[in-house]
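Chemist: Sharing a structure, written as structure tokens. Questions coming.
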Amino acid sequence: MKVLVSVKRVVDYNIKVRPKADGSDVEIANVKMSMNPFDEIAVEEAVRMKEAGSATEVVAVSLGETACQDIVRTALAMGVDRGLLVETDERLEPLTVAKLLVAIVKREQFDLVILGKQAIDDDSNQTGQMLAALLGWPQGTFASHVLVDGDRVQVTRETDTGSQTLSFQPPGVVTSDLRLNEPRYVKLPNIMKAKKKPLEKITPAELGVDISARLEILTVAEPVQRSGGIKVSDAKELVQKLRNEARVI
Amino acid sequence: MTILVIAEHNNSELNAATLAAITAATQLSDSVDLLIAGSGCSSVAESAASVRGVSRVALADAPEYEHQLAENVAPLVVRQAGGYSHLLMSATANGKNLMPRVAALLDVAQISDIIAIESSDCFRRPIYAGNVIATVRSKDPQKIVTVRTTAFEPAVAEGGNARIDQIEASGDTGLCRWDGEEQSESSRPDLTQAEVVVSGGRGLGSAENFHLLETLADRLGAAIGASRAAVDAGFVSNDLQVGQTGKVVAPKLYIAVGISGAIQHLAGMKESKVIVAINKDEDAPIFQIADYGIVGDLFDILPALLAELERSVNRP
Ligand SMILES: Cc1cc2nc3c(=O)[nH]c(=O)nc-3n(C[C@H](O)[C@H](O)[C@H](O)COP(=O)(O)OP(=O)(O)OC[C@H]3O[C@@H](n4cnc5c(N)ncnc54)[C@H](O)[C@@H]3O)c2cc1C
Ligand SMILES: Nc1ncnc2c1ncn2[C@@H]1O[C@H](COP(=O)(O)O)[C@@H](O)[C@H]1O
């Protein structure tokens, strides 16, 4: 099985972003950027498939500005064989990313694409499902367990009421949830080795995809802030406050 | 302008999340249809027909929809989509799984998880774990939107009188096979609907200690929630995770016990009306958004709280 994983460069999950003064976007100058945490999980799963012998080759792709190659290098250091960067300075929407991924899948005939369930910047949770739709492939979204068993891929998914298990014959799409695995730490020698692994750059135009945006971001603003409350000294005072002041119990 | 809402249900009951999506739809137009795809789900159609604001219920009842596989449901939605200005569904796990598949088939850029409607093409939605709110305009001729259910009041479930139309099923694509499922059993109220939520974090220390929270929840008629750390540690099941990547809740009262208050957790509960935090670390970020905080060991405070609730009930 040839596996593709997508890795997005996002503001690190520990950072609390703020809107720019003019409200046009969020301020990301001088902010720490990292691989989307769900994509780390996706990479880990793909690398484990390679180690288990069920994947023959694992390729990582990132789409965005030149700096996204750092994220691809991280994936290479985690054990991915080769990298791709679809280079553009334009803001990409999930539908556009899905279309670009379709072009890549068709160019190289992948059997399985693993994505994160959600990018923690736009919080869209769309790309994997859109990719599966455009390819006419099955989708195992929000995966907490993936089992490659003979000619089938079985995916256990997190749902609102527990979990569901599905299976399909590749080709297919999987999106990772938090509990799929714990990504490995990258070791220094592997970072050095990753520098020698191939990383190819292509443009959306070369892939023949129109990347013009359908969604216009008019403003970004801070949400209404909660005003801080008070500390109470003990359970007795808490119950009094909840009953007589807040009137919620 | 007519809106199509895709219903969420379990083949016997309409999920309350759908009622929030219907409210969002009625803010856009007076003409709202509901699509139900399921198997043996005529009771869902009947209750849906009495939801106020719904004009017509389209019912596709066929075995291929039993498990809501997106591969089978999406083609049906696409076939029904013609003539509708907007397609809406609740931003639940099912809505998140299905709607992007529909959107891509219709070549529409979806707008996820809206919290407000500005106009027919303009919506507000949280991004970056709710640290900022984006106002987004769609240039697509048709809009595909998922709705954050805590941001819209549920539509009134009775008093409506919609027509029910049986529609033809779209068939089994055979792309995906359902192998089974595990449903978490609970006699407590549904986490996303409950008026009171009692949530535990890593501070609880073990699955056994979660029983302390259960006693409190039973006392308050509350649902149980959890932080990611508590779920990852196996204290409780995944469907109890509250946060950016779990469930979003906005009860009247949210009690966070042994939860530090990471941004990803706050994203799922900071719209609660009253927030209580119990934490032994007085600098825990959860206190910055809590209306009432108690600094101390939860293993002392929880029993005291229970005793106090009992006592003050017996002596009103
Ligand atoms: C991509 C991504 C998505 C995420 N999504 C979510 C999400 O949806 N929901 C979510 O919750 N998290 C999410 N997280 C994780 C989040 O960043 C935090 O790691 C998590 O919320 C921490 O959980 P916690 O507060 O239970 O644990 P901790 O941060 O370890 O806090 C435990 C708290 O318990 C207190 N404590 C310990 N013992 C006691 C005691 N005896 N009495 C009183 N207090 C005590 C401590 O003081 C501490 O404040 C996500 C992270 C990432 C990277
Ligand atoms: N620009 C991008 N580059 C690489 N992967 C992406 C990009 N955008 C989205 N993805 C993938 O799609 C997943 C879901 O993103 P989203 O639909 O934006 O929430 C992410 O976890 C990534 O795996």
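Chain identifiers are assigned as A, B, and so on, following the order in which chains appear in the structure tokens; residues are numbered from 1 within each chain, and ligands are numbered from 1 in order of appearance.
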Enumerate residues in contact with ligand 2: an atom-to-atom distance of at most 9 Å, counting only C-alpha atoms and all ligand atoms. Format the result as an MDAnalysis selection string.
Modeler: (chainID A and resid 5:10 36:40 42 60:65 68 85:86 91:98 101 114:130 175:176) or (chainID B and resid 100)
Chemist: Can you tell me, as a list in words, what residues are no more than 6 Å from range 183-190 of chain A when counting only C-alpha atoms, ignoring any on the same chain fewer than 5 positions away?
Modeler: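 Everything that qualifies: Ile41, Glu44, Ala77 and Met78 of chain A.
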Chemist: Write out as a PyMOL selection string each polymer residue whose atoms come within 7 Å of range 191-202 of chain B, counting only C-alpha atoms; drop sequence neighbours fewer than 2 positions from it.
Modeler: chain B and resi 189+204-205+213+217+222-227+229-230+248-249+251-259
Chemist: At a cut-off of 7 Å, list the chain A residues touching chain B, using only C-alpha atoms, as a PyMOL selection string.
Modeler: chain A and resi 16-19+95+120-126+129-130+133-134+137-138+141+158-168+179+214-223+226-236+239+248
Chemist: Put those residues in a file: N, CA and C atoms, as a compact mmCIF listing (two decimals), in the first residue's frame.
Modeler:
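Written out: again_39.txt:
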```txt
# COMPACT_ATOMS: atom_id res chain seq x y z
N LYS A 16 -1.94 31.47 22.30
CA LYS A 16 -3.26 32.09 22.25
C LYS A 16 -3.19 33.23 21.25
N VAL A 17 -3.78 33.06 20.09
CA VAL A 17 -3.63 34.09 19.05
C VAL A 17 -4.56 35.27 19.33
N ARG A 18 -4.21 36.40 18.72
CA ARG A 18 -5.05 37.61 18.82
C ARG A 18 -5.32 38.15 17.43
N PRO A 19 -6.43 38.88 17.29
CA PRO A 19 -6.67 39.52 16.00
C PRO A 19 -5.66 40.62 15.75
N LEU A 95 -11.67 22.95 0.65
CA LEU A 95 -12.07 22.42 -0.66
C LEU A 95 -10.93 22.49 -1.67
N ILE A 120 -6.05 22.89 13.63
CA ILE A 120 -6.41 23.63 14.84
C ILE A 120 -6.38 25.14 14.63
N ASP A 121 -6.12 25.60 13.41
CA ASP A 121 -6.24 27.04 13.15
C ASP A 121 -7.63 27.37 12.61
N ASP A 122 -8.01 26.77 11.48
CA ASP A 122 -9.34 27.09 10.93
C ASP A 122 -10.45 26.25 11.56
N ASP A 123 -10.10 25.18 12.27
CA ASP A 123 -11.09 24.31 12.92
C ASP A 123 -12.22 23.89 11.96
N SER A 124 -11.87 23.60 10.71
CA SER A 124 -12.90 23.29 9.72
C SER A 124 -13.41 21.85 9.80
N ASN A 125 -12.48 20.90 9.95
CA ASN A 125 -12.85 19.49 9.94
C ASN A 125 -13.58 19.12 8.65
N GLN A 126 -12.93 19.34 7.53
CA GLN A 126 -13.57 19.11 6.23
C GLN A 126 -12.70 18.36 5.22
N GLN A 129 -12.88 14.45 4.36
CA GLN A 129 -14.18 14.05 3.82
C GLN A 129 -14.33 14.55 2.38
N MET A 130 -13.85 15.77 2.13
CA MET A 130 -13.96 16.34 0.78
C MET A 130 -13.09 15.57 -0.20
N ALA A 133 -14.76 12.38 -1.05
CA ALA A 133 -15.89 12.62 -1.96
C ALA A 133 -15.41 12.80 -3.39
N LEU A 134 -14.38 13.63 -3.56
CA LEU A 134 -13.93 13.96 -4.91
C LEU A 134 -13.30 12.75 -5.60
N TRP A 137 -14.03 7.78 -2.92
CA TRP A 137 -13.46 6.77 -2.03
C TRP A 137 -14.22 6.70 -0.71
N PRO A 138 -14.08 5.59 0.02
CA PRO A 138 -14.64 5.53 1.38
C PRO A 138 -13.84 6.40 2.34
N THR A 141 -13.38 8.51 9.17
CA THR A 141 -13.02 9.76 9.85
C THR A 141 -12.92 9.57 11.36
N GLU A 158 -14.39 7.58 16.57
CA GLU A 158 -15.03 8.17 17.75
C GLU A 158 -16.32 8.86 17.31
N THR A 159 -17.42 8.52 17.97
CA THR A 159 -18.69 9.16 17.66
C THR A 159 -19.21 9.88 18.91
N ASP A 160 -20.38 10.53 18.78
CA ASP A 160 -20.93 11.26 19.92
C ASP A 160 -21.49 10.34 20.99
N THR A 161 -21.67 9.07 20.65
CA THR A 161 -22.26 8.15 21.63
C THR A 161 -21.34 6.99 21.97
N GLY A 162 -20.12 7.00 21.48
CA GLY A 162 -19.20 5.90 21.75
C GLY A 162 -18.27 5.72 20.58
N SER A 163 -18.33 4.54 19.95
CA SER A 163 -17.47 4.34 18.79
C SER A 163 -18.16 3.44 17.77
N GLN A 164 -17.67 3.53 16.55
CA GLN A 164 -18.23 2.77 15.44
C GLN A 164 -17.06 2.16 14.68
N THR A 165 -17.23 0.93 14.20
CA THR A 165 -16.17 0.31 13.42
C THR A 165 -16.64 0.05 11.99
N LEU A 166 -15.81 0.49 11.05
CA LEU A 166 -16.12 0.37 9.62
C LEU A 166 -14.95 -0.31 8.94
N SER A 167 -15.19 -0.87 7.78
CA SER A 167 -14.03 -1.33 7.01
C SER A 167 -14.28 -1.12 5.53
N PHE A 168 -13.17 -1.01 4.83
CA PHE A 168 -13.26 -0.83 3.37
C PHE A 168 -12.03 -1.43 2.72
N ARG A 179 -6.80 9.93 19.92
CA ARG A 179 -6.40 8.71 20.60
C ARG A 179 -5.93 7.60 19.67
N ARG A 214 -13.43 30.78 -2.21
CA ARG A 214 -14.89 30.94 -2.26
C ARG A 214 -15.39 31.66 -1.01
N LEU A 215 -14.56 31.63 0.02
CA LEU A 215 -14.97 32.24 1.28
C LEU A 215 -14.12 33.47 1.52
N GLU A 216 -14.81 34.54 1.92
CA GLU A 216 -14.12 35.79 2.17
C GLU A 216 -14.16 36.01 3.68
N ILE A 217 -13.00 36.23 4.28
CA ILE A 217 -13.00 36.53 5.72
C ILE A 217 -13.16 38.03 5.87
N LEU A 218 -14.30 38.46 6.38
CA LEU A 218 -14.57 39.90 6.47
C LEU A 218 -13.83 40.50 7.66
N THR A 219 -13.95 39.87 8.81
CA THR A 219 -13.24 40.37 9.99
C THR A 219 -12.91 39.19 10.90
N VAL A 220 -11.90 39.37 11.73
CA VAL A 220 -11.74 38.49 12.88
C VAL A 220 -11.68 39.37 14.12
N ALA A 221 -12.34 38.91 15.16
CA ALA A 221 -12.45 39.73 16.36
C ALA A 221 -12.33 38.84 17.59
N GLU A 222 -12.03 39.46 18.72
CA GLU A 222 -12.00 38.71 19.97
C GLU A 222 -13.43 38.34 20.36
N PRO A 223 -13.62 37.18 20.95
CA PRO A 223 -14.95 36.86 21.45
C PRO A 223 -15.25 37.70 22.69
N ARG A 226 -15.31 36.66 29.30
CA ARG A 226 -16.01 36.48 30.59
C ARG A 226 -15.32 37.37 31.61
N SER A 227 -16.08 38.01 32.43
CA SER A 227 -15.44 38.75 33.51
C SER A 227 -15.11 37.75 34.61
N GLY A 228 -13.95 37.93 35.20
CA GLY A 228 -13.49 37.00 36.22
C GLY A 228 -14.42 36.98 37.42
N GLY A 229 -14.45 35.89 38.13
CA GLY A 229 -15.38 35.75 39.25
C GLY A 229 -14.69 35.90 40.58
N ILE A 230 -15.19 35.20 41.56
CA ILE A 230 -14.64 35.31 42.91
C ILE A 230 -14.20 33.94 43.42
N LYS A 231 -13.38 33.97 44.45
CA LYS A 231 -13.01 32.72 45.13
C LYS A 231 -13.90 32.60 46.36
N VAL A 232 -14.41 31.41 46.58
CA VAL A 232 -15.18 31.17 47.79
C VAL A 232 -14.33 30.31 48.72
N SER A 233 -14.62 30.37 50.00
CA SER A 233 -13.70 29.73 50.94
C SER A 233 -13.98 28.24 51.13
N ASP A 234 -15.23 27.85 51.02
CA ASP A 234 -15.51 26.43 51.25
C ASP A 234 -16.81 25.99 50.55
N ALA A 235 -17.10 24.72 50.71
CA ALA A 235 -18.26 24.13 50.04
C ALA A 235 -19.55 24.81 50.48
N LYS A 236 -19.60 25.18 51.74
CA LYS A 236 -20.81 25.78 52.27
C LYS A 236 -21.12 27.11 51.55
N VAL A 239 -22.27 26.49 47.90
CA VAL A 239 -23.66 26.08 47.76
C VAL A 239 -24.59 27.28 47.98
N VAL A 248 -28.72 28.63 40.29
CA VAL A 248 -28.61 27.56 39.29
C VAL A 248 -28.79 26.17 39.90
```
Chemist: Any idea what's packed within 12 Å of Val105 in chain A, counting only C-alpha atoms, ignoring anything in its chain fewer than 3 positions away? Could you give it as number ranges by chain?
Modeler: A: 2-6, 59-61, 84, 98-102, 108-114, 131-132, 134-135, 137, 171-173, 207
Chemist: Find the spatial neighbours of Gly150 in chain A, counting only C-alpha atoms, within a cut-off of 12 Å - ignore same-chain residues fewer than 6 positions away - and output them as a PDB file with C-alpha atoms, in the first residue's frame.
Modeler:
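Result went into around_18.pdb, see below:
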```pdb
ATOM      1  CA  MET A   1       0.000   0.000   0.000  1.00  0.00           C
ATOM      2  CA  GLY A  53       5.118  -3.903   6.453  1.00  0.00           C
ATOM      3  CA  SER A  54       1.607  -2.923   5.405  1.00  0.00           C
ATOM      4  CA  ALA A  55       2.770   0.300   3.763  1.00  0.00           C
ATOM      5  CA  SER A 167     -14.034  -1.328   7.006  1.00  0.00           C
ATOM      6  CA  PHE A 168     -13.257  -0.828   3.372  1.00  0.00           C
ATOM      7  CA  GLN A 169     -11.043  -2.098   0.647  1.00  0.00           C
ATOM      8  CA  PRO A 170      -8.412   0.491  -0.298  1.00  0.00           C
TER       9      PRO A 170
END
```
Chemist: Which of range 151-245 of chain B end up as strand (DSSP E or B) when DSSP is run on this backbone - answer as a list of chain:residue names?
Modeler: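 Here are the strand (DSSP E or B) residues of range 151-245 of chain B: B:Arg163, B:Ile164, B:Asp165, B:Gln166, B:Arg177, B:Trp178, B:Asp179, B:Gly180, B:Glu181, B:Glu182, B:Gln183, B:Val196, B:Val197, B:Val198, B:Ser199, B:Gly200, B:Ala223, B:Ile224, B:Gly225, B:Ala226, B:Gln241, B:Val242.
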Chemist: Ranking B:Gly203, B:Ile164, B:Leu212, B:Gly234 by minimum distance to ligand 1 and counting only C-alpha atoms and all ligand atoms, which one comes first?
Modeler: B:Gly203
Chemist: Write out as a compact mmCIF listing (two decimals) with all heavy atoms, in the first residue's frame each polymer residue whose atoms come within 10 Å of Gly208 in chain A, counting only C-alpha atoms; drop sequence neighbours fewer than 2 positions from it.
Modeler:
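Generated file (result.txt):
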```
# COMPACT_ATOMS: atom_id res chain seq x y z
N LYS A 99 -8.88 19.46 -3.51
CA LYS A 99 -8.68 19.35 -4.96
C LYS A 99 -7.20 19.16 -5.32
O LYS A 99 -6.86 18.40 -6.23
CB LYS A 99 -9.22 20.59 -5.65
CG LYS A 99 -10.75 20.64 -5.66
CD LYS A 99 -11.25 21.91 -6.33
CE LYS A 99 -12.77 21.94 -6.28
NZ LYS A 99 -13.31 23.21 -6.80
N LEU A 100 -6.33 19.87 -4.60
CA LEU A 100 -4.89 19.72 -4.86
C LEU A 100 -4.44 18.31 -4.48
O LEU A 100 -3.63 17.70 -5.18
CB LEU A 100 -4.10 20.77 -4.06
CG LEU A 100 -4.28 22.22 -4.56
CD1 LEU A 100 -3.83 23.22 -3.49
CD2 LEU A 100 -3.51 22.45 -5.85
N ALA A 103 -5.27 15.84 -7.15
CA ALA A 103 -4.29 15.87 -8.26
C ALA A 103 -3.04 15.07 -7.89
O ALA A 103 -2.49 14.34 -8.72
CB ALA A 103 -3.94 17.31 -8.60
N THR A 203 3.75 23.48 -7.90
CA THR A 203 2.83 24.61 -7.72
C THR A 203 1.41 24.14 -8.06
O THR A 203 1.23 23.17 -8.80
CB THR A 203 3.17 25.77 -8.66
OG1 THR A 203 3.03 25.32 -10.01
CG2 THR A 203 4.58 26.28 -8.42
N PRO A 204 0.42 24.85 -7.51
CA PRO A 204 -0.97 24.53 -7.86
C PRO A 204 -1.19 24.57 -9.38
O PRO A 204 -1.91 23.73 -9.92
CB PRO A 204 -1.77 25.63 -7.15
CG PRO A 204 -0.93 26.00 -5.98
CD PRO A 204 0.49 25.88 -6.46
N ALA A 205 -0.53 25.51 -10.06
CA ALA A 205 -0.70 25.60 -11.52
C ALA A 205 -0.21 24.33 -12.20
O ALA A 205 -0.86 23.81 -13.11
CB ALA A 205 0.05 26.83 -12.05
N GLU A 206 0.92 23.81 -11.74
CA GLU A 206 1.43 22.57 -12.32
C GLU A 206 0.47 21.41 -12.09
O GLU A 206 0.42 20.47 -12.87
CB GLU A 206 2.81 22.23 -11.73
CG GLU A 206 3.93 23.10 -12.28
CD GLU A 206 5.22 22.95 -11.50
OE1 GLU A 206 5.20 23.00 -10.25
OE2 GLU A 206 6.26 22.77 -12.14
N ASP A 210 -7.49 25.23 -9.86
CA ASP A 210 -7.86 26.62 -9.59
C ASP A 210 -7.96 26.80 -8.08
O ASP A 210 -8.74 26.12 -7.43
CB ASP A 210 -9.21 26.91 -10.27
CG ASP A 210 -9.79 28.25 -9.87
OD1 ASP A 210 -9.06 29.08 -9.28
OD2 ASP A 210 -10.99 28.48 -10.16
N ILE A 211 -7.17 27.72 -7.53
CA ILE A 211 -7.15 27.85 -6.07
C ILE A 211 -7.86 29.11 -5.57
O ILE A 211 -7.71 29.49 -4.41
CB ILE A 211 -5.72 27.80 -5.51
CG1 ILE A 211 -4.86 28.94 -6.06
CG2 ILE A 211 -5.07 26.46 -5.79
CD1 ILE A 211 -3.56 29.11 -5.30
```
Chemist: For Arg56 in chain B, find every residue with an atom within 6 Å (counting only C-alpha atoms), except residues of its own chain fewer than 4 positions away, and show them as a PyMOL selection string.
Modeler: chain B and resi 33+162-163
Chemist: Could you please determine the separation between atom 44 (N, counted along the ligand's line) of ligand 1 and CA of Ala267 in chain B in Å, to one decimal place?
Modeler: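 Separation between atom 44 (N, counted along the ligand's line) of ligand 1 and CA of Ala267 in chain B: 20.2 Å.
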Chemist: Between CA of Ile28 in chain A and CA of Lys143 in chain B, what is the distance, to one decimal in Å?
Modeler: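 About the pair CA of Ile28 in chain A and CA of Lys143 in chain B: they are 29.2 Å apart.
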Chemist: Pick from A:Asp22, A:Ile202, A:Asp177, A:Val43: nearest to ligand 1, with only C-alpha atoms and all ligand atoms counted?
Modeler: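 The answer is A:Asp177, which sits nearest to ligand 1.
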Chemist: Could you pull out all residues of range 135-234 of chain A with a DSSP call of alpha helix (DSSP H) and give them as a ChimeraX atom specification?
Modeler: /A:135,188-194,204-207
Chemist: Keeping only all heavy atoms, take the residues you just selected and write them out as an mmCIF file, in the first residue's frame.
Modeler:
```cif
data_model
loop_
_atom_site.group_PDB
_atom_site.id
_atom_site.type_symbol
_atom_site.label_atom_id
_atom_site.label_comp_id
_atom_site.auth_asym_id
_atom_site.auth_seq_id
_atom_site.Cartn_x
_atom_site.Cartn_y
_atom_site.Cartn_z
ATOM 1 N N LEU A 135 -12.707 11.847 -4.797
ATOM 2 C CA LEU A 135 -12.108 10.647 -5.382
ATOM 3 C C LEU A 135 -13.126 9.514 -5.514
ATOM 4 O O LEU A 135 -12.843 8.491 -6.123
ATOM 5 C CB LEU A 135 -10.930 10.181 -4.516
ATOM 6 C CG LEU A 135 -9.665 11.064 -4.524
ATOM 7 C CD1 LEU A 135 -8.741 10.685 -3.372
ATOM 8 C CD2 LEU A 135 -8.931 10.939 -5.860
ATOM 9 N N LEU A 188 17.607 13.461 17.204
ATOM 10 C CA LEU A 188 18.522 14.310 16.446
ATOM 11 C C LEU A 188 19.121 13.636 15.204
ATOM 12 O O LEU A 188 19.110 14.218 14.119
ATOM 13 C CB LEU A 188 19.623 14.844 17.376
ATOM 14 C CG LEU A 188 20.441 15.984 16.771
ATOM 15 C CD1 LEU A 188 19.560 17.202 16.467
ATOM 16 C CD2 LEU A 188 21.578 16.392 17.717
ATOM 17 N N PRO A 189 19.646 12.403 15.333
ATOM 18 C CA PRO A 189 20.207 11.763 14.126
ATOM 19 C C PRO A 189 19.182 11.662 12.993
ATOM 20 O O PRO A 189 19.545 11.788 11.818
ATOM 21 C CB PRO A 189 20.609 10.361 14.605
ATOM 22 C CG PRO A 189 20.601 10.403 16.089
ATOM 23 C CD PRO A 189 19.732 11.532 16.509
ATOM 24 N N ASN A 190 17.933 11.473 13.356
ATOM 25 C CA ASN A 190 16.900 11.365 12.316
ATOM 26 C C ASN A 190 16.632 12.707 11.648
ATOM 27 O O ASN A 190 16.258 12.755 10.480
ATOM 28 C CB ASN A 190 15.608 10.817 12.911
ATOM 29 C CG ASN A 190 15.755 9.362 13.315
ATOM 30 O OD1 ASN A 190 16.684 8.684 12.860
ATOM 31 N ND2 ASN A 190 14.868 8.893 14.168
ATOM 32 N N ILE A 191 16.832 13.798 12.413
ATOM 33 C CA ILE A 191 16.684 15.122 11.805
ATOM 34 C C ILE A 191 17.782 15.307 10.760
ATOM 35 O O ILE A 191 17.537 15.808 9.662
ATOM 36 C CB ILE A 191 16.761 16.225 12.887
ATOM 37 C CG1 ILE A 191 15.568 16.076 13.846
ATOM 38 C CG2 ILE A 191 16.779 17.612 12.253
ATOM 39 C CD1 ILE A 191 15.553 17.019 15.017
ATOM 40 N N MET A 192 18.980 14.854 11.087
ATOM 41 C CA MET A 192 20.094 14.948 10.131
ATOM 42 C C MET A 192 19.792 14.100 8.893
ATOM 43 O O MET A 192 19.956 14.540 7.768
ATOM 44 C CB MET A 192 21.408 14.476 10.773
ATOM 45 C CG MET A 192 21.807 15.218 12.055
ATOM 46 S SD MET A 192 21.702 17.017 11.917
ATOM 47 C CE MET A 192 23.104 17.321 10.834
ATOM 48 N N LYS A 193 19.322 12.876 9.130
ATOM 49 C CA LYS A 193 19.008 11.978 8.003
ATOM 50 C C LYS A 193 17.907 12.561 7.120
ATOM 51 O O LYS A 193 17.936 12.427 5.900
ATOM 52 C CB LYS A 193 18.542 10.608 8.537
ATOM 53 C CG LYS A 193 19.652 9.563 8.575
ATOM 54 C CD LYS A 193 19.079 8.158 8.683
ATOM 55 C CE LYS A 193 18.995 7.729 10.144
ATOM 56 N NZ LYS A 193 18.263 6.494 10.374
ATOM 57 N N ALA A 194 16.953 13.223 7.776
ATOM 58 C CA ALA A 194 15.806 13.755 7.032
ATOM 59 C C ALA A 194 16.243 14.800 6.018
ATOM 60 O O ALA A 194 15.599 14.997 4.991
ATOM 61 C CB ALA A 194 14.789 14.353 7.995
ATOM 62 N N PRO A 204 0.415 24.846 -7.507
ATOM 63 C CA PRO A 204 -0.970 24.529 -7.864
ATOM 64 C C PRO A 204 -1.185 24.569 -9.375
ATOM 65 O O PRO A 204 -1.914 23.735 -9.917
ATOM 66 C CB PRO A 204 -1.768 25.626 -7.149
ATOM 67 C CG PRO A 204 -0.928 26.001 -5.981
ATOM 68 C CD PRO A 204 0.490 25.884 -6.458
ATOM 69 N N ALA A 205 -0.534 25.507 -10.062
ATOM 70 C CA ALA A 205 -0.700 25.604 -11.516
ATOM 71 C C ALA A 205 -0.215 24.331 -12.199
ATOM 72 O O ALA A 205 -0.865 23.812 -13.112
ATOM 73 C CB ALA A 205 0.047 26.825 -12.047
ATOM 74 N N GLU A 206 0.920 23.815 -11.737
ATOM 75 C CA GLU A 206 1.434 22.569 -12.324
ATOM 76 C C GLU A 206 0.471 21.406 -12.091
ATOM 77 O O GLU A 206 0.417 20.467 -12.875
ATOM 78 C CB GLU A 206 2.807 22.233 -11.734
ATOM 79 C CG GLU A 206 3.926 23.098 -12.283
ATOM 80 C CD GLU A 206 5.222 22.948 -11.498
ATOM 81 O OE1 GLU A 206 5.201 23.002 -10.250
ATOM 82 O OE2 GLU A 206 6.260 22.771 -12.138
ATOM 83 N N LEU A 207 -0.265 21.498 -10.998
ATOM 84 C CA LEU A 207 -1.249 20.440 -10.718
ATOM 85 C C LEU A 207 -2.580 20.724 -11.418
ATOM 86 O O LEU A 207 -3.509 19.916 -11.355
ATOM 87 C CB LEU A 207 -1.470 20.309 -9.204
ATOM 88 C CG LEU A 207 -0.292 19.745 -8.409
ATOM 89 C CD1 LEU A 207 -0.540 19.893 -6.914
ATOM 90 C CD2 LEU A 207 -0.041 18.270 -8.756
#
```
